[in-house]
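Below you'll find the structure, written out as structure tokens, and then a few comments.
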Amino acid sequence: MSTTSPSSRAGLGYGALLTIGMIVVIGSALGLQYIGGYIPCALCLEQRQPYYYGIPVAIIAVLTAVAGLPSWITRGLLIIAGLMMLVGGGIGVYHAGVEWHFWEGPTTCSTSAASVTQNAGDLLGQLNTIKGPSCTEAALRILGLSMAGWNVIASVILAAIAFAGAKKAG
């Protein structure tokens, strides 16, 4: 006989799905940066922040469901994670609009993130000369959408998972 309630199992399942989804999205972005060589712009880096903060929140939601803590705790954590994904989606909409020249981007729209150097002897020289890409140009488009556009889609899906989990965990 199971001692976990259906709402606890729902919080666990949705929380785990949310956590895995967030890890896949941020892992893909980091993979494109460090393996693919795509240098992120300043807005790209901003879009990652909700994931960096949201993953621990989603993990804690899973742990609260596993521990059998009151469902309102799991529900609250899932709502917080969902709100973080909506913020990330909003940043993605803003970034995609900048890329499509619908509106102006920030004046400091470049990054100091360096690409992986192939020449360790010239590392210090490269650090002083490499400038990050502009936020107005998409480094990569897949099926017509930039990575900012795909982040919007991923963020909305992940927010929907988080909110559905919060509803079921109640």
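Numbering starts fresh at 1 for the residues of each chain in the structure tokens, the chains themselves are lettered A, B, ... in the order given, and ligands are numbered from 1 as they appear.
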
Name the residues of stretch 27-76 of chain A that fall into helix (DSSP H, G or I) according to DSSP on the backbone, using the chain letters and numbers of this document, as number ranges by chain. A: 27-34, 42-67, 71-76

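Distance annotation: of A:Ile80, A:Val156, A:Met147, A:Ala16, the residue with the minimal separation from A:Ala29 is A:Met147; atom set is only C-alpha atoms.
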
Shortest contact to A:Leu17, candidates A:Pro106, A:Ile91, A:Ile59, A:Leu43, atoms counted only C-alpha atoms, goes to A:Ile59

Tell me, in Å to one decimal, how far atom CA of A:Arg75 is from atom CA of A:Gln49. 21.7 Å

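Of the listed residues (A:Tyr34, A:Trp103, A:Trp72, A:Tyr51), A:Tyr51 comes nearest to A:Gly21; the distances count only C-alpha atoms.
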
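Relative to atom CA of A:Ile157, atom CA of A:Gly90 is found at 13.1 Å.
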
Ranking A:Ile153, A:Gly15, A:Glu137, A:Thr107 by minimum distance to A:Val66 and counting only C-alpha atoms, which one comes first? A:Gly15

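Residue nearest A:Gly92, chosen from A:Leu77, A:Val57, A:Leu145, A:Leu63 and counting only C-alpha atoms: A:Leu145.
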
Find the spatial neighbours of A:Met22, counting only C-alpha atoms, within a cut-off of 8 Å - ignore same-chain residues fewer than 2 positions away - and output them as a PDB file with N, CA, C and O atoms, in the first residue's frame.
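File produced: part_3.pdb:
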ATOM      1  N   LEU A  18       9.403  19.181 -14.815  1.00  0.00           N
ATOM      2  CA  LEU A  18       9.845  20.575 -14.893  1.00  0.00           C
ATOM      3  C   LEU A  18      11.359  20.675 -14.721  1.00  0.00           C
ATOM      4  O   LEU A  18      12.032  21.351 -15.505  1.00  0.00           O
ATOM      5  N   THR A  19      11.888  19.991 -13.719  1.00  0.00           N
ATOM      6  CA  THR A  19      13.333  20.024 -13.462  1.00  0.00           C
ATOM      7  C   THR A  19      14.116  19.496 -14.659  1.00  0.00           C
ATOM      8  O   THR A  19      15.074  20.126 -15.116  1.00  0.00           O
ATOM      9  N   ILE A  20      13.692  18.368 -15.180  1.00  0.00           N
ATOM     10  CA  ILE A  20      14.383  17.773 -16.330  1.00  0.00           C
ATOM     11  C   ILE A  20      14.303  18.704 -17.540  1.00  0.00           C
ATOM     12  O   ILE A  20      15.296  18.924 -18.233  1.00  0.00           O
ATOM     13  N   VAL A  24      17.465  20.393 -19.474  1.00  0.00           N
ATOM     14  CA  VAL A  24      17.691  20.160 -20.902  1.00  0.00           C
ATOM     15  C   VAL A  24      17.851  21.489 -21.636  1.00  0.00           C
ATOM     16  O   VAL A  24      18.759  21.648 -22.476  1.00  0.00           O
ATOM     17  N   VAL A  25      16.990  22.464 -21.327  1.00  0.00           N
ATOM     18  CA  VAL A  25      17.062  23.753 -22.017  1.00  0.00           C
ATOM     19  C   VAL A  25      18.382  24.461 -21.713  1.00  0.00           C
ATOM     20  O   VAL A  25      19.091  24.896 -22.623  1.00  0.00           O
ATOM     21  N   ILE A  26      18.719  24.576 -20.436  1.00  0.00           N
ATOM     22  CA  ILE A  26      19.951  25.299 -20.092  1.00  0.00           C
ATOM     23  C   ILE A  26      21.180  24.496 -20.529  1.00  0.00           C
ATOM     24  O   ILE A  26      22.180  25.066 -20.958  1.00  0.00           O
ATOM     25  N   TYR A  51      16.461  30.108 -15.371  1.00  0.00           N
ATOM     26  CA  TYR A  51      16.765  28.678 -15.289  1.00  0.00           C
ATOM     27  C   TYR A  51      17.716  28.400 -14.124  1.00  0.00           C
ATOM     28  O   TYR A  51      17.534  27.431 -13.384  1.00  0.00           O
ATOM     29  N   GLY A  54      15.589  28.817 -11.199  1.00  0.00           N
ATOM     30  CA  GLY A  54      14.419  27.940 -11.223  1.00  0.00           C
ATOM     31  C   GLY A  54      14.722  26.472 -11.014  1.00  0.00           C
ATOM     32  O   GLY A  54      13.911  25.747 -10.413  1.00  0.00           O
ATOM     33  N   ILE A  55      15.855  26.010 -11.476  1.00  0.00           N
ATOM     34  CA  ILE A  55      16.201  24.591 -11.312  1.00  0.00           C
ATOM     35  C   ILE A  55      16.269  24.210  -9.838  1.00  0.00           C
ATOM     36  O   ILE A  55      15.658  23.213  -9.446  1.00  0.00           O
ATOM     37  N   LEU A 158       7.344  25.082 -20.160  1.00  0.00           N
ATOM     38  CA  LEU A 158       7.780  24.774 -18.793  1.00  0.00           C
ATOM     39  C   LEU A 158       6.903  25.481 -17.758  1.00  0.00           C
ATOM     40  O   LEU A 158       6.589  24.904 -16.711  1.00  0.00           O
TER      41      LEU A 158
END

Show me, as a ChimeraX atom specification, the residues that have an atom within 10 Å of A:Trp150 when counting only C-alpha atoms, minus same-chain residues fewer than 6 positions from it. /A:25,89,92-93,96,141-144,156

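Candidate residues A:Leu140, A:Ala61, A:Ala166, A:Ala148 were compared for distance to A:Tyr38, and the nearest is A:Leu140, using only C-alpha atoms.
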
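Relative to atom CA of A:Gly149, atom CA of A:Lys167 is found at 27.3 Å.
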
Spatial neighbours of A:Val87, 9 Å, only C-alpha atoms, chain gap at least 5 places, as a VMD selection string: chain A and resid 47 50 82 92 155

Same residues, all heavy atoms, saved as a PDB file, in the first residue's frame:
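again33.pdb, written as the output of this step:
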ATOM      1  N   GLN A  47      18.622  35.627 -20.306  1.00  0.00           N
ATOM      2  CA  GLN A  47      17.574  34.613 -20.439  1.00  0.00           C
ATOM      3  C   GLN A  47      17.881  33.350 -19.644  1.00  0.00           C
ATOM      4  O   GLN A  47      16.981  32.587 -19.321  1.00  0.00           O
ATOM      5  CB  GLN A  47      17.387  34.230 -21.913  1.00  0.00           C
ATOM      6  CG  GLN A  47      16.739  35.307 -22.726  1.00  0.00           C
ATOM      7  CD  GLN A  47      16.649  34.901 -24.172  1.00  0.00           C
ATOM      8  OE1 GLN A  47      15.691  34.248 -24.568  1.00  0.00           O
ATOM      9  NE2 GLN A  47      17.665  35.263 -24.953  1.00  0.00           N
ATOM     10  N   PRO A  50      16.595  32.890 -15.190  1.00  0.00           N
ATOM     11  CA  PRO A  50      15.453  32.179 -14.597  1.00  0.00           C
ATOM     12  C   PRO A  50      15.672  30.670 -14.480  1.00  0.00           C
ATOM     13  O   PRO A  50      15.160  30.038 -13.556  1.00  0.00           O
ATOM     14  CB  PRO A  50      14.303  32.496 -15.555  1.00  0.00           C
ATOM     15  CG  PRO A  50      14.689  33.799 -16.179  1.00  0.00           C
ATOM     16  CD  PRO A  50      16.195  33.740 -16.309  1.00  0.00           C
ATOM     17  N   GLY A  82       7.183  28.361 -12.077  1.00  0.00           N
ATOM     18  CA  GLY A  82       6.409  28.744 -13.258  1.00  0.00           C
ATOM     19  C   GLY A  82       6.513  30.230 -13.545  1.00  0.00           C
ATOM     20  O   GLY A  82       6.645  30.644 -14.698  1.00  0.00           O
ATOM     21  N   GLY A  92      12.876  36.488 -23.393  1.00  0.00           N
ATOM     22  CA  GLY A  92      13.029  35.926 -24.728  1.00  0.00           C
ATOM     23  C   GLY A  92      12.236  36.690 -25.782  1.00  0.00           C
ATOM     24  O   GLY A  92      12.722  36.920 -26.894  1.00  0.00           O
ATOM     25  N   SER A 155      10.065  28.195 -22.488  1.00  0.00           N
ATOM     26  CA  SER A 155       9.655  28.820 -21.227  1.00  0.00           C
ATOM     27  C   SER A 155       8.159  28.715 -21.014  1.00  0.00           C
ATOM     28  O   SER A 155       7.695  28.437 -19.900  1.00  0.00           O
ATOM     29  CB  SER A 155      10.081  30.290 -21.189  1.00  0.00           C
ATOM     30  OG  SER A 155      11.475  30.409 -21.180  1.00  0.00           O
TER      31      SER A 155
END
